[in-house]
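File shown: data.txt (compact mmCIF, N, CA and C atoms).
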# COMPACT_ATOMS: atom_id res chain seq x y z
N MET A 1093 54.16 -5.29 181.56
CA MET A 1093 54.09 -4.20 180.61
C MET A 1093 52.96 -4.44 179.60
N ARG A 1094 52.83 -5.68 179.14
CA ARG A 1094 51.78 -5.99 178.18
C ARG A 1094 50.40 -5.78 178.80
N LYS A 1095 50.26 -6.15 180.07
CA LYS A 1095 48.97 -5.97 180.74
C LYS A 1095 48.62 -4.49 180.83
N ALA A 1096 49.58 -3.67 181.14
CA ALA A 1096 49.34 -2.23 181.25
C ALA A 1096 48.90 -1.66 179.91
N ILE A 1097 49.55 -2.08 178.84
CA ILE A 1097 49.18 -1.61 177.50
C ILE A 1097 47.78 -2.10 177.14
N SER A 1098 47.49 -3.36 177.44
CA SER A 1098 46.16 -3.93 177.15
C SER A 1098 45.07 -3.18 177.91
N PHE A 1099 45.30 -2.92 179.20
CA PHE A 1099 44.31 -2.19 179.98
C PHE A 1099 44.13 -0.77 179.46
N THR A 1100 45.19 -0.14 179.02
CA THR A 1100 45.11 1.21 178.46
C THR A 1100 44.28 1.21 177.19
N ILE A 1101 44.52 0.25 176.31
CA ILE A 1101 43.77 0.17 175.06
C ILE A 1101 42.30 -0.10 175.34
N ILE A 1102 42.01 -1.04 176.23
CA ILE A 1102 40.62 -1.34 176.58
C ILE A 1102 39.95 -0.12 177.20
N GLY A 1103 40.65 0.58 178.08
CA GLY A 1103 40.11 1.78 178.71
C GLY A 1103 39.79 2.86 177.70
N LEU A 1104 40.67 3.08 176.73
CA LEU A 1104 40.42 4.08 175.70
C LEU A 1104 39.24 3.69 174.83
N CYS A 1105 39.11 2.41 174.51
CA CYS A 1105 37.97 1.95 173.72
C CYS A 1105 36.67 2.18 174.48
N LEU A 1106 36.63 1.85 175.75
CA LEU A 1106 35.42 2.05 176.56
C LEU A 1106 35.10 3.53 176.70
N LEU A 1107 36.11 4.35 176.86
CA LEU A 1107 35.90 5.79 176.97
C LEU A 1107 35.31 6.32 175.67
N GLY A 1108 35.80 5.84 174.55
CA GLY A 1108 35.27 6.25 173.25
C GLY A 1108 33.82 5.87 173.08
N VAL A 1109 33.43 4.68 173.53
CA VAL A 1109 32.04 4.25 173.45
C VAL A 1109 31.17 5.08 174.39
N GLY A 1110 31.66 5.38 175.57
CA GLY A 1110 30.90 6.12 176.57
C GLY A 1110 30.70 7.59 176.21
N CYS A 1111 31.48 8.11 175.29
CA CYS A 1111 31.41 9.52 174.94
C CYS A 1111 30.75 9.74 173.59
N SER A 1112 29.98 8.79 173.15
CA SER A 1112 29.38 8.90 171.83
C SER A 1112 28.17 9.82 171.85
N ALA A 1113 27.79 10.28 170.66
CA ALA A 1113 26.61 11.11 170.50
C ALA A 1113 25.52 10.27 169.85
N SER A 1114 24.31 10.41 170.34
CA SER A 1114 23.18 9.65 169.80
C SER A 1114 22.06 10.58 169.42
N THR A 1115 21.48 10.36 168.24
CA THR A 1115 20.27 11.08 167.85
C THR A 1115 19.11 10.42 168.59
N VAL A 1116 18.39 11.22 169.40
CA VAL A 1116 17.29 10.67 170.19
C VAL A 1116 15.92 11.07 169.63
N TRP A 1117 15.90 12.06 168.73
CA TRP A 1117 14.65 12.50 168.11
C TRP A 1117 14.97 13.21 166.82
N LYS A 1118 14.13 13.01 165.81
CA LYS A 1118 14.27 13.76 164.57
C LYS A 1118 12.91 13.90 163.90
N ALA A 1119 12.77 14.96 163.12
CA ALA A 1119 11.51 15.22 162.42
C ALA A 1119 11.82 16.05 161.18
N GLU A 1120 10.92 16.01 160.22
CA GLU A 1120 11.06 16.88 159.06
C GLU A 1120 9.69 17.25 158.52
N VAL A 1121 9.63 18.45 157.92
CA VAL A 1121 8.40 18.98 157.35
C VAL A 1121 8.73 19.63 156.01
N ARG A 1122 7.99 19.27 154.99
CA ARG A 1122 8.19 19.84 153.65
C ARG A 1122 7.35 21.10 153.51
N SER A 1123 7.90 22.11 152.85
CA SER A 1123 7.15 23.35 152.61
C SER A 1123 5.96 23.06 151.70
N PRO A 1124 4.91 23.89 151.76
CA PRO A 1124 3.70 23.65 150.96
C PRO A 1124 3.98 23.52 149.45
N ASP A 1125 4.98 24.23 148.95
CA ASP A 1125 5.31 24.15 147.52
C ASP A 1125 6.32 23.05 147.21
N GLY A 1126 6.79 22.35 148.25
CA GLY A 1126 7.72 21.24 148.07
C GLY A 1126 9.16 21.63 147.79
N VAL A 1127 9.48 22.91 147.85
CA VAL A 1127 10.82 23.38 147.50
C VAL A 1127 11.81 23.26 148.68
N TRP A 1128 11.30 23.30 149.91
CA TRP A 1128 12.16 23.29 151.09
C TRP A 1128 11.77 22.16 152.03
N ILE A 1129 12.77 21.66 152.74
CA ILE A 1129 12.53 20.70 153.82
C ILE A 1129 13.15 21.28 155.09
N ALA A 1130 12.31 21.43 156.12
CA ALA A 1130 12.81 21.81 157.44
C ALA A 1130 12.96 20.53 158.23
N SER A 1131 14.11 20.36 158.85
CA SER A 1131 14.33 19.16 159.66
C SER A 1131 14.90 19.57 161.01
N ALA A 1132 14.69 18.72 161.98
CA ALA A 1132 15.22 18.97 163.32
C ALA A 1132 15.70 17.65 163.88
N ARG A 1133 16.70 17.75 164.74
CA ARG A 1133 17.16 16.55 165.44
C ARG A 1133 17.73 16.95 166.79
N THR A 1134 17.58 16.03 167.72
CA THR A 1134 18.14 16.22 169.06
C THR A 1134 19.23 15.18 169.24
N ILE A 1135 20.39 15.66 169.63
CA ILE A 1135 21.56 14.82 169.86
C ILE A 1135 21.85 14.81 171.35
N GLN A 1136 22.02 13.62 171.90
CA GLN A 1136 22.41 13.48 173.30
C GLN A 1136 23.86 13.01 173.33
N ASN A 1137 24.73 13.83 173.89
CA ASN A 1137 26.14 13.48 174.04
C ASN A 1137 26.36 12.99 175.46
N GLY A 1138 27.12 11.95 175.58
CA GLY A 1138 27.42 11.41 176.90
C GLY A 1138 28.90 11.41 177.15
N GLY A 1139 29.26 11.45 178.38
CA GLY A 1139 30.67 11.40 178.74
C GLY A 1139 30.90 12.16 180.02
N PHE A 1140 32.04 11.90 180.60
CA PHE A 1140 32.39 12.54 181.87
C PHE A 1140 32.70 14.02 181.62
N GLY A 1141 31.84 14.89 182.12
CA GLY A 1141 32.05 16.33 181.99
C GLY A 1141 31.70 16.90 180.63
N THR A 1142 31.23 16.07 179.71
CA THR A 1142 30.90 16.56 178.37
C THR A 1142 29.47 16.24 177.97
N ALA A 1143 28.67 15.75 178.88
CA ALA A 1143 27.29 15.39 178.57
C ALA A 1143 26.50 16.64 178.20
N SER A 1144 25.69 16.52 177.15
CA SER A 1144 24.85 17.64 176.72
C SER A 1144 23.72 17.13 175.86
N ILE A 1145 22.69 17.96 175.71
CA ILE A 1145 21.58 17.67 174.83
C ILE A 1145 21.40 18.92 173.96
N ASP A 1146 21.45 18.74 172.65
CA ASP A 1146 21.32 19.86 171.71
C ASP A 1146 20.29 19.53 170.65
N THR A 1147 19.43 20.51 170.36
CA THR A 1147 18.45 20.37 169.30
C THR A 1147 18.76 21.40 168.24
N THR A 1148 18.80 20.96 166.98
CA THR A 1148 19.16 21.82 165.87
C THR A 1148 18.10 21.72 164.78
N VAL A 1149 17.77 22.87 164.17
CA VAL A 1149 16.83 22.92 163.05
C VAL A 1149 17.62 23.30 161.81
N TYR A 1150 17.31 22.62 160.70
CA TYR A 1150 18.01 22.81 159.43
C TYR A 1150 17.00 23.12 158.32
N LEU A 1151 17.48 23.81 157.27
CA LEU A 1151 16.71 24.00 156.05
C LEU A 1151 17.51 23.45 154.88
N LYS A 1152 16.81 22.79 153.97
CA LYS A 1152 17.45 22.25 152.77
C LYS A 1152 16.53 22.45 151.58
N SER A 1153 17.11 22.92 150.49
CA SER A 1153 16.37 23.04 149.24
C SER A 1153 16.28 21.68 148.58
N THR A 1154 15.12 21.37 148.01
CA THR A 1154 14.96 20.12 147.28
C THR A 1154 15.43 20.26 145.83
N LYS A 1155 15.81 21.48 145.45
CA LYS A 1155 16.19 21.73 144.06
C LYS A 1155 17.68 21.59 143.79
N ASP A 1156 18.47 21.39 144.83
CA ASP A 1156 19.91 21.20 144.61
C ASP A 1156 20.46 20.18 145.60
N SER A 1157 21.72 19.85 145.42
CA SER A 1157 22.32 18.80 146.25
C SER A 1157 23.13 19.35 147.43
N SER A 1158 23.00 20.64 147.71
CA SER A 1158 23.75 21.21 148.83
C SER A 1158 23.26 20.62 150.14
N PRO A 1159 24.14 20.55 151.14
CA PRO A 1159 23.73 19.97 152.43
C PRO A 1159 22.76 20.90 153.17
N PRO A 1160 22.04 20.35 154.13
CA PRO A 1160 21.14 21.20 154.95
C PRO A 1160 21.94 22.29 155.66
N ARG A 1161 21.30 23.46 155.83
CA ARG A 1161 21.93 24.59 156.53
C ARG A 1161 21.30 24.75 157.90
N GLU A 1162 22.13 24.90 158.91
CA GLU A 1162 21.66 25.10 160.28
C GLU A 1162 21.04 26.48 160.39
N VAL A 1163 19.81 26.55 160.95
CA VAL A 1163 19.15 27.84 161.13
C VAL A 1163 18.80 28.15 162.58
N LEU A 1164 18.69 27.12 163.42
CA LEU A 1164 18.43 27.32 164.85
C LEU A 1164 19.18 26.26 165.64
N ALA A 1165 19.66 26.64 166.81
CA ALA A 1165 20.33 25.67 167.68
C ALA A 1165 20.00 25.99 169.13
N PHE A 1166 19.64 24.96 169.86
CA PHE A 1166 19.25 25.07 171.27
C PHE A 1166 20.10 24.11 172.09
N SER A 1167 20.50 24.55 173.27
CA SER A 1167 21.00 23.59 174.25
C SER A 1167 19.82 23.31 175.17
N CYS A 1168 19.62 22.06 175.49
CA CYS A 1168 18.41 21.63 176.17
C CYS A 1168 18.73 21.02 177.52
N LYS A 1169 17.76 21.12 178.39
CA LYS A 1169 17.88 20.44 179.67
C LYS A 1169 17.22 19.09 179.55
N GLY A 1170 17.69 18.18 180.31
CA GLY A 1170 17.11 16.83 180.30
C GLY A 1170 16.00 16.75 181.30
N PRO A 1171 15.61 15.59 181.61
CA PRO A 1171 16.16 14.35 181.09
C PRO A 1171 15.50 13.98 179.77
N VAL A 1172 16.16 13.11 179.02
CA VAL A 1172 15.58 12.54 177.82
C VAL A 1172 14.77 11.32 178.26
N PRO A 1173 13.49 11.25 177.89
CA PRO A 1173 12.67 10.12 178.35
C PRO A 1173 13.26 8.75 178.02
N ARG A 1174 13.78 8.58 176.81
CA ARG A 1174 14.45 7.34 176.43
C ARG A 1174 15.87 7.71 176.01
N PRO A 1175 16.80 7.76 176.95
CA PRO A 1175 18.16 8.21 176.67
C PRO A 1175 18.90 7.36 175.64
N TYR A 1176 19.67 8.04 174.80
CA TYR A 1176 20.59 7.41 173.84
C TYR A 1176 19.91 6.49 172.84
N VAL A 1177 18.58 6.66 172.64
CA VAL A 1177 17.85 5.82 171.71
C VAL A 1177 17.00 6.72 170.82
N LEU A 1178 17.01 6.48 169.50
CA LEU A 1178 16.12 7.21 168.60
C LEU A 1178 14.71 6.71 168.84
N ASP A 1179 13.89 7.55 169.45
CA ASP A 1179 12.50 7.21 169.74
C ASP A 1179 11.66 8.46 169.53
N ASN A 1180 11.05 8.57 168.34
CA ASN A 1180 10.30 9.76 167.99
C ASN A 1180 8.98 9.88 168.73
N THR A 1181 8.58 8.85 169.46
CA THR A 1181 7.37 8.94 170.27
C THR A 1181 7.72 9.40 171.69
N ALA A 1182 8.55 8.64 172.38
CA ALA A 1182 8.90 8.99 173.76
C ALA A 1182 9.70 10.29 173.83
N ASN A 1183 10.56 10.54 172.85
CA ASN A 1183 11.42 11.72 172.86
C ASN A 1183 10.88 12.83 171.95
N ALA A 1184 9.60 12.79 171.65
CA ALA A 1184 8.99 13.76 170.73
C ALA A 1184 9.29 15.19 171.15
N GLY A 1185 9.66 16.00 170.19
CA GLY A 1185 9.97 17.40 170.47
C GLY A 1185 11.35 17.61 171.02
N GLY A 1186 12.12 16.54 171.15
CA GLY A 1186 13.51 16.66 171.54
C GLY A 1186 13.78 17.24 172.91
N THR A 1187 12.98 16.96 173.89
CA THR A 1187 13.03 17.43 175.29
C THR A 1187 12.59 18.89 175.46
N ILE A 1188 12.29 19.60 174.36
CA ILE A 1188 11.87 21.00 174.48
C ILE A 1188 10.53 21.26 173.80
N ASP A 1189 9.82 20.19 173.45
CA ASP A 1189 8.51 20.31 172.78
C ASP A 1189 8.60 21.11 171.48
N LEU A 1190 9.64 20.91 170.72
CA LEU A 1190 9.84 21.65 169.48
C LEU A 1190 8.89 21.17 168.40
N THR A 1191 8.28 22.12 167.71
CA THR A 1191 7.46 21.82 166.54
C THR A 1191 7.85 22.76 165.41
N MET A 1192 7.65 22.29 164.19
CA MET A 1192 7.92 23.10 163.00
C MET A 1192 6.67 23.09 162.14
N LYS A 1193 6.31 24.26 161.62
CA LYS A 1193 5.11 24.36 160.78
C LYS A 1193 5.36 25.41 159.70
N TRP A 1194 5.07 25.05 158.46
CA TRP A 1194 5.15 26.01 157.36
C TRP A 1194 3.84 26.78 157.33
N LEU A 1195 3.89 28.10 157.53
CA LEU A 1195 2.70 28.94 157.46
C LEU A 1195 2.39 29.29 156.01
N THR A 1196 3.43 29.49 155.23
CA THR A 1196 3.34 29.74 153.79
C THR A 1196 4.58 29.09 153.17
N PRO A 1197 4.70 29.05 151.85
CA PRO A 1197 5.91 28.49 151.25
C PRO A 1197 7.20 29.24 151.61
N SER A 1198 7.05 30.44 152.14
CA SER A 1198 8.25 31.22 152.50
C SER A 1198 8.31 31.61 153.97
N GLN A 1199 7.48 30.98 154.81
CA GLN A 1199 7.52 31.29 156.24
C GLN A 1199 7.42 30.01 157.07
N LEU A 1200 8.49 29.75 157.82
CA LEU A 1200 8.57 28.61 158.72
C LEU A 1200 8.42 29.11 160.15
N GLU A 1201 7.52 28.49 160.90
CA GLU A 1201 7.34 28.83 162.31
C GLU A 1201 7.84 27.66 163.15
N VAL A 1202 8.73 27.97 164.10
CA VAL A 1202 9.25 26.97 165.02
C VAL A 1202 8.80 27.38 166.41
N THR A 1203 8.19 26.43 167.13
CA THR A 1203 7.77 26.71 168.50
C THR A 1203 8.48 25.74 169.43
N TYR A 1204 8.63 26.18 170.67
CA TYR A 1204 9.28 25.33 171.67
C TYR A 1204 8.79 25.73 173.05
N GLY A 1205 9.02 24.87 174.02
CA GLY A 1205 8.69 25.15 175.42
C GLY A 1205 9.85 24.72 176.29
N ARG A 1206 9.61 24.66 177.56
CA ARG A 1206 10.60 24.20 178.55
C ARG A 1206 11.86 25.05 178.62
N ARG A 1207 11.85 26.23 178.07
CA ARG A 1207 12.93 27.22 178.19
C ARG A 1207 14.34 26.70 177.93
N PRO A 1208 14.62 26.27 176.72
CA PRO A 1208 16.00 25.92 176.39
C PRO A 1208 16.81 27.18 176.15
N ASN A 1209 18.08 27.02 175.95
CA ASN A 1209 18.95 28.13 175.59
C ASN A 1209 19.05 28.18 174.07
N LEU A 1210 18.42 29.18 173.45
CA LEU A 1210 18.52 29.39 172.01
C LEU A 1210 19.82 30.14 171.77
N TYR A 1211 20.84 29.44 171.27
CA TYR A 1211 22.15 30.07 171.13
C TYR A 1211 22.56 30.37 169.69
N PHE A 1212 21.75 29.95 168.71
CA PHE A 1212 22.03 30.29 167.32
C PHE A 1212 20.71 30.45 166.60
N GLN A 1213 20.55 31.57 165.87
CA GLN A 1213 19.29 31.82 165.17
C GLN A 1213 19.55 32.57 163.87
N VAL A 1214 18.98 32.05 162.79
CA VAL A 1214 18.97 32.73 161.50
C VAL A 1214 17.53 33.16 161.28
N ALA A 1215 17.30 34.46 161.07
CA ALA A 1215 15.94 34.97 160.91
C ALA A 1215 15.43 34.82 159.48
N LYS A 1216 16.35 34.82 158.51
CA LYS A 1216 15.95 34.71 157.11
C LYS A 1216 17.06 34.03 156.33
N MET A 1217 16.64 33.08 155.47
CA MET A 1217 17.62 32.40 154.62
C MET A 1217 16.97 32.13 153.27
N ALA A 1218 17.61 32.59 152.21
CA ALA A 1218 17.16 32.35 150.83
C ALA A 1218 15.68 32.68 150.65
N GLY A 1219 15.23 33.79 151.24
CA GLY A 1219 13.85 34.22 151.10
C GLY A 1219 12.88 33.54 152.05
N ILE A 1220 13.36 32.68 152.93
CA ILE A 1220 12.51 32.02 153.92
C ILE A 1220 12.61 32.76 155.23
N ASP A 1221 11.47 33.24 155.74
CA ASP A 1221 11.41 33.86 157.07
C ASP A 1221 11.26 32.76 158.10
N ILE A 1222 12.08 32.82 159.15
CA ILE A 1222 12.06 31.80 160.19
C ILE A 1222 11.65 32.48 161.49
N SER A 1223 10.43 32.21 161.94
CA SER A 1223 9.96 32.80 163.19
C SER A 1223 10.05 31.75 164.29
N VAL A 1224 10.34 32.24 165.49
CA VAL A 1224 10.55 31.36 166.64
C VAL A 1224 9.67 31.84 167.77
N ARG A 1225 8.91 30.91 168.37
CA ARG A 1225 8.03 31.27 169.49
C ARG A 1225 8.28 30.37 170.67
N ASP A 1226 8.40 31.00 171.84
CA ASP A 1226 8.56 30.29 173.10
C ASP A 1226 7.17 30.09 173.71
N LEU A 1227 6.75 28.85 173.84
CA LEU A 1227 5.42 28.54 174.38
C LEU A 1227 5.44 28.12 175.83
N SER A 1228 6.58 28.26 176.50
CA SER A 1228 6.66 27.85 177.89
C SER A 1228 5.73 28.70 178.75
N GLN A 1229 5.37 28.21 179.90
CA GLN A 1229 4.38 28.85 180.77
C GLN A 1229 4.64 30.33 180.95
N GLY A 1230 3.62 31.10 180.66
CA GLY A 1230 3.68 32.53 180.88
C GLY A 1230 4.54 33.29 179.88
N ALA A 1231 5.19 32.59 178.98
CA ALA A 1231 6.05 33.27 178.02
C ALA A 1231 5.21 33.72 176.84
N ASN A 1232 5.42 34.94 176.42
CA ASN A 1232 4.76 35.48 175.24
C ASN A 1232 5.81 36.03 174.30
N ASN A 1233 6.90 35.27 174.20
CA ASN A 1233 8.03 35.72 173.40
C ASN A 1233 7.91 35.23 171.98
N SER A 1234 8.19 36.11 171.06
CA SER A 1234 8.23 35.75 169.64
C SER A 1234 9.44 36.42 169.02
N ARG A 1235 10.21 35.64 168.28
CA ARG A 1235 11.41 36.18 167.63
C ARG A 1235 11.31 35.92 166.15
N GLN A 1236 11.82 36.86 165.39
CA GLN A 1236 11.85 36.66 163.95
C GLN A 1236 13.09 37.24 163.37
Before anything else, please render the file you have as structure tokens.
Amino acid sequence: MRKAISFTIIGLCLLGVGCSASTVWKAEVRSPDGVWIASARTIQNGGFGTASIDTTVYLKSTKDSSPPREVLAFSCKGPVPRPYVLDNTANAGGTIDLTMKWLTPSQLEVTYGRRPNLYFQVAKMAGIDISVRDLSQGANNSRQ
């Protein structure tokens, strides 16, 4: 009986480790006036039947202590060049070639390629226009 309980506990611990989420890429860009920070990160989740790669873009004001607000979310296809490791060089762009650029203090442009699934989008937040462009081959899509 003790062996069965021990094996169950060890199995649950290993399952918990195997199903962890890892940040594999992150970036941030400050607005020209320094009031906003746009940040992005790609999370790789592992596990049996639950593996996924998601890239999320956030906006945060530097003038208050509120947490960053999610403005874009993508589900991404792999593979991740360096799986389960934060590597901003090998995993640059979070598997979808994502870039962020402030065009003006109130306009953030986010570009991406490799055709991810954009499943959450905020077009405007606190006076900031957020434009999104798909740069994948032959795509001439622009969203705002």
List the spatial neighbours of region 1114-1119 of chain A as a PyMOL selection string - criterion: any atom at most 6.5 Å away, all atoms listed in the file, same-chain residues fewer than 4 positions off excluded. chain A and resi 1130-1138+1176-1180+1183-1186
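In this structure, atom N of Val1224 (chain A) sits 7.9 Å away from CA of Leu1200 (chain A).
Nearest to Arg1207 (chain A) of all the residues A:Thr1191, A:Ser1223, A:Ser1153, A:Ser1167 is A:Ser1167, counting only N, CA and C atoms.
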Set the distance at 6.5 Å and use all atoms listed in the file: which residues neighbour Lys1193 (chain A) once local chain neighbours fewer than 6 positions away are removed? I'd like the list as a ChimeraX atom specification. /A:1199-1203
Radius query 7 Å about (14.9, 26.6, 168.0), atoms used: all atoms listed in the file, as a list in words: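 Final list of nearby residues, as requested, is Thr1147, Thr1148, Val1149, Val1163, Leu1164, Ala1165, Phe1166, Val1202, Thr1203, Tyr1204, Leu1210 and Val1224 of chain A.
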Given 5 Å on each side, where is the centre and what are the edge lengths in Å to one decimal of the axis-aligned box enclosing the listed atoms of region 1136-1146 of chain A, as JSON?
{"center_x": 26.5, "center_y": 15.6, "center_z": 176.4, "size_x": 22.4, "size_y": 18.5, "size_z": 21.5}
Between CA of Leu1195 (chain A) and CA of Thr1181 (chain A), what distance in Å does the model show, to one decimal?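 Separation of CA of Leu1195 (chain A) and CA of Thr1181 (chain A): 24.2 Å.
Taking CA of Lys1152 (chain A) and CA of Gln1213 (chain A) as endpoints, the distance between them is 15.8 Å.
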Extract the full set of helix (DSSP H, G or I) residues from chain A according to DSSP on the backbone, and format it as a list in words.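 The helix (DSSP H, G or I) subset of chain A is Arg1094, Lys1095, Ala1096, Ile1097, Ser1098, Phe1099, Thr1100, Ile1101, Ile1102, Gly1103, Leu1104, Cys1105, Leu1106, Leu1107, Gly1108, Val1109, Gly1110, Ala1184, Gly1185, Gly1186 and Thr1187 of chain A.
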Using N, CA and C atoms, can you write the selected residues to a file as a PDB file, in the frame of the given file?
ATOM      1  N   ARG A1094      52.830  -5.680 179.140  1.00  0.00           N
ATOM      2  CA  ARG A1094      51.780  -5.990 178.180  1.00  0.00           C
ATOM      3  C   ARG A1094      50.400  -5.780 178.800  1.00  0.00           C
ATOM      4  N   LYS A1095      50.260  -6.150 180.070  1.00  0.00           N
ATOM      5  CA  LYS A1095      48.970  -5.970 180.740  1.00  0.00           C
ATOM      6  C   LYS A1095      48.620  -4.490 180.830  1.00  0.00           C
ATOM      7  N   ALA A1096      49.580  -3.670 181.140  1.00  0.00           N
ATOM      8  CA  ALA A1096      49.340  -2.230 181.250  1.00  0.00           C
ATOM      9  C   ALA A1096      48.900  -1.660 179.910  1.00  0.00           C
ATOM     10  N   ILE A1097      49.550  -2.080 178.840  1.00  0.00           N
ATOM     11  CA  ILE A1097      49.180  -1.610 177.500  1.00  0.00           C
ATOM     12  C   ILE A1097      47.780  -2.100 177.140  1.00  0.00           C
ATOM     13  N   SER A1098      47.490  -3.360 177.440  1.00  0.00           N
ATOM     14  CA  SER A1098      46.160  -3.930 177.150  1.00  0.00           C
ATOM     15  C   SER A1098      45.070  -3.180 177.910  1.00  0.00           C
ATOM     16  N   PHE A1099      45.300  -2.920 179.200  1.00  0.00           N
ATOM     17  CA  PHE A1099      44.310  -2.190 179.980  1.00  0.00           C
ATOM     18  C   PHE A1099      44.130  -0.770 179.460  1.00  0.00           C
ATOM     19  N   THR A1100      45.190  -0.140 179.020  1.00  0.00           N
ATOM     20  CA  THR A1100      45.110   1.210 178.460  1.00  0.00           C
ATOM     21  C   THR A1100      44.280   1.210 177.190  1.00  0.00           C
ATOM     22  N   ILE A1101      44.520   0.250 176.310  1.00  0.00           N
ATOM     23  CA  ILE A1101      43.770   0.170 175.060  1.00  0.00           C
ATOM     24  C   ILE A1101      42.300  -0.100 175.340  1.00  0.00           C
ATOM     25  N   ILE A1102      42.010  -1.040 176.230  1.00  0.00           N
ATOM     26  CA  ILE A1102      40.620  -1.340 176.580  1.00  0.00           C
ATOM     27  C   ILE A1102      39.950  -0.120 177.200  1.00  0.00           C
ATOM     28  N   GLY A1103      40.650   0.580 178.080  1.00  0.00           N
ATOM     29  CA  GLY A1103      40.110   1.780 178.710  1.00  0.00           C
ATOM     30  C   GLY A1103      39.790   2.860 177.700  1.00  0.00           C
ATOM     31  N   LEU A1104      40.670   3.080 176.730  1.00  0.00           N
ATOM     32  CA  LEU A1104      40.420   4.080 175.700  1.00  0.00           C
ATOM     33  C   LEU A1104      39.240   3.690 174.830  1.00  0.00           C
ATOM     34  N   CYS A1105      39.110   2.410 174.510  1.00  0.00           N
ATOM     35  CA  CYS A1105      37.970   1.950 173.720  1.00  0.00           C
ATOM     36  C   CYS A1105      36.670   2.180 174.480  1.00  0.00           C
ATOM     37  N   LEU A1106      36.630   1.850 175.750  1.00  0.00           N
ATOM     38  CA  LEU A1106      35.420   2.050 176.560  1.00  0.00           C
ATOM     39  C   LEU A1106      35.100   3.530 176.700  1.00  0.00           C
ATOM     40  N   LEU A1107      36.110   4.350 176.860  1.00  0.00           N
ATOM     41  CA  LEU A1107      35.900   5.790 176.970  1.00  0.00           C
ATOM     42  C   LEU A1107      35.310   6.320 175.670  1.00  0.00           C
ATOM     43  N   GLY A1108      35.800   5.840 174.550  1.00  0.00           N
ATOM     44  CA  GLY A1108      35.270   6.250 173.250  1.00  0.00           C
ATOM     45  C   GLY A1108      33.820   5.870 173.080  1.00  0.00           C
ATOM     46  N   VAL A1109      33.430   4.680 173.530  1.00  0.00           N
ATOM     47  CA  VAL A1109      32.040   4.250 173.450  1.00  0.00           C
ATOM     48  C   VAL A1109      31.170   5.080 174.390  1.00  0.00           C
ATOM     49  N   GLY A1110      31.660   5.380 175.570  1.00  0.00           N
ATOM     50  CA  GLY A1110      30.900   6.120 176.570  1.00  0.00           C
ATOM     51  C   GLY A1110      30.700   7.590 176.210  1.00  0.00           C
ATOM     52  N   ALA A1184       9.600  12.790 171.650  1.00  0.00           N
ATOM     53  CA  ALA A1184       8.990  13.760 170.730  1.00  0.00           C
ATOM     54  C   ALA A1184       9.290  15.190 171.150  1.00  0.00           C
ATOM     55  N   GLY A1185       9.660  16.000 170.190  1.00  0.00           N
ATOM     56  CA  GLY A1185       9.970  17.400 170.470  1.00  0.00           C
ATOM     57  C   GLY A1185      11.350  17.610 171.020  1.00  0.00           C
ATOM     58  N   GLY A1186      12.120  16.540 171.150  1.00  0.00           N
ATOM     59  CA  GLY A1186      13.510  16.660 171.540  1.00  0.00           C
ATOM     60  C   GLY A1186      13.780  17.240 172.910  1.00  0.00           C
ATOM     61  N   THR A1187      12.980  16.960 173.890  1.00  0.00           N
ATOM     62  CA  THR A1187      13.030  17.430 175.290  1.00  0.00           C
ATOM     63  C   THR A1187      12.590  18.890 175.460  1.00  0.00           C
TER      64      THR A1187
END
Strand (DSSP E) residues, from DSSP on the backbone, in region 1107-1215 of chain A, as a ChimeraX atom specification: /A:1113-1122,1128-1137,1144-1153,1161-1167,1191-1196,1199-1204,1209-1213
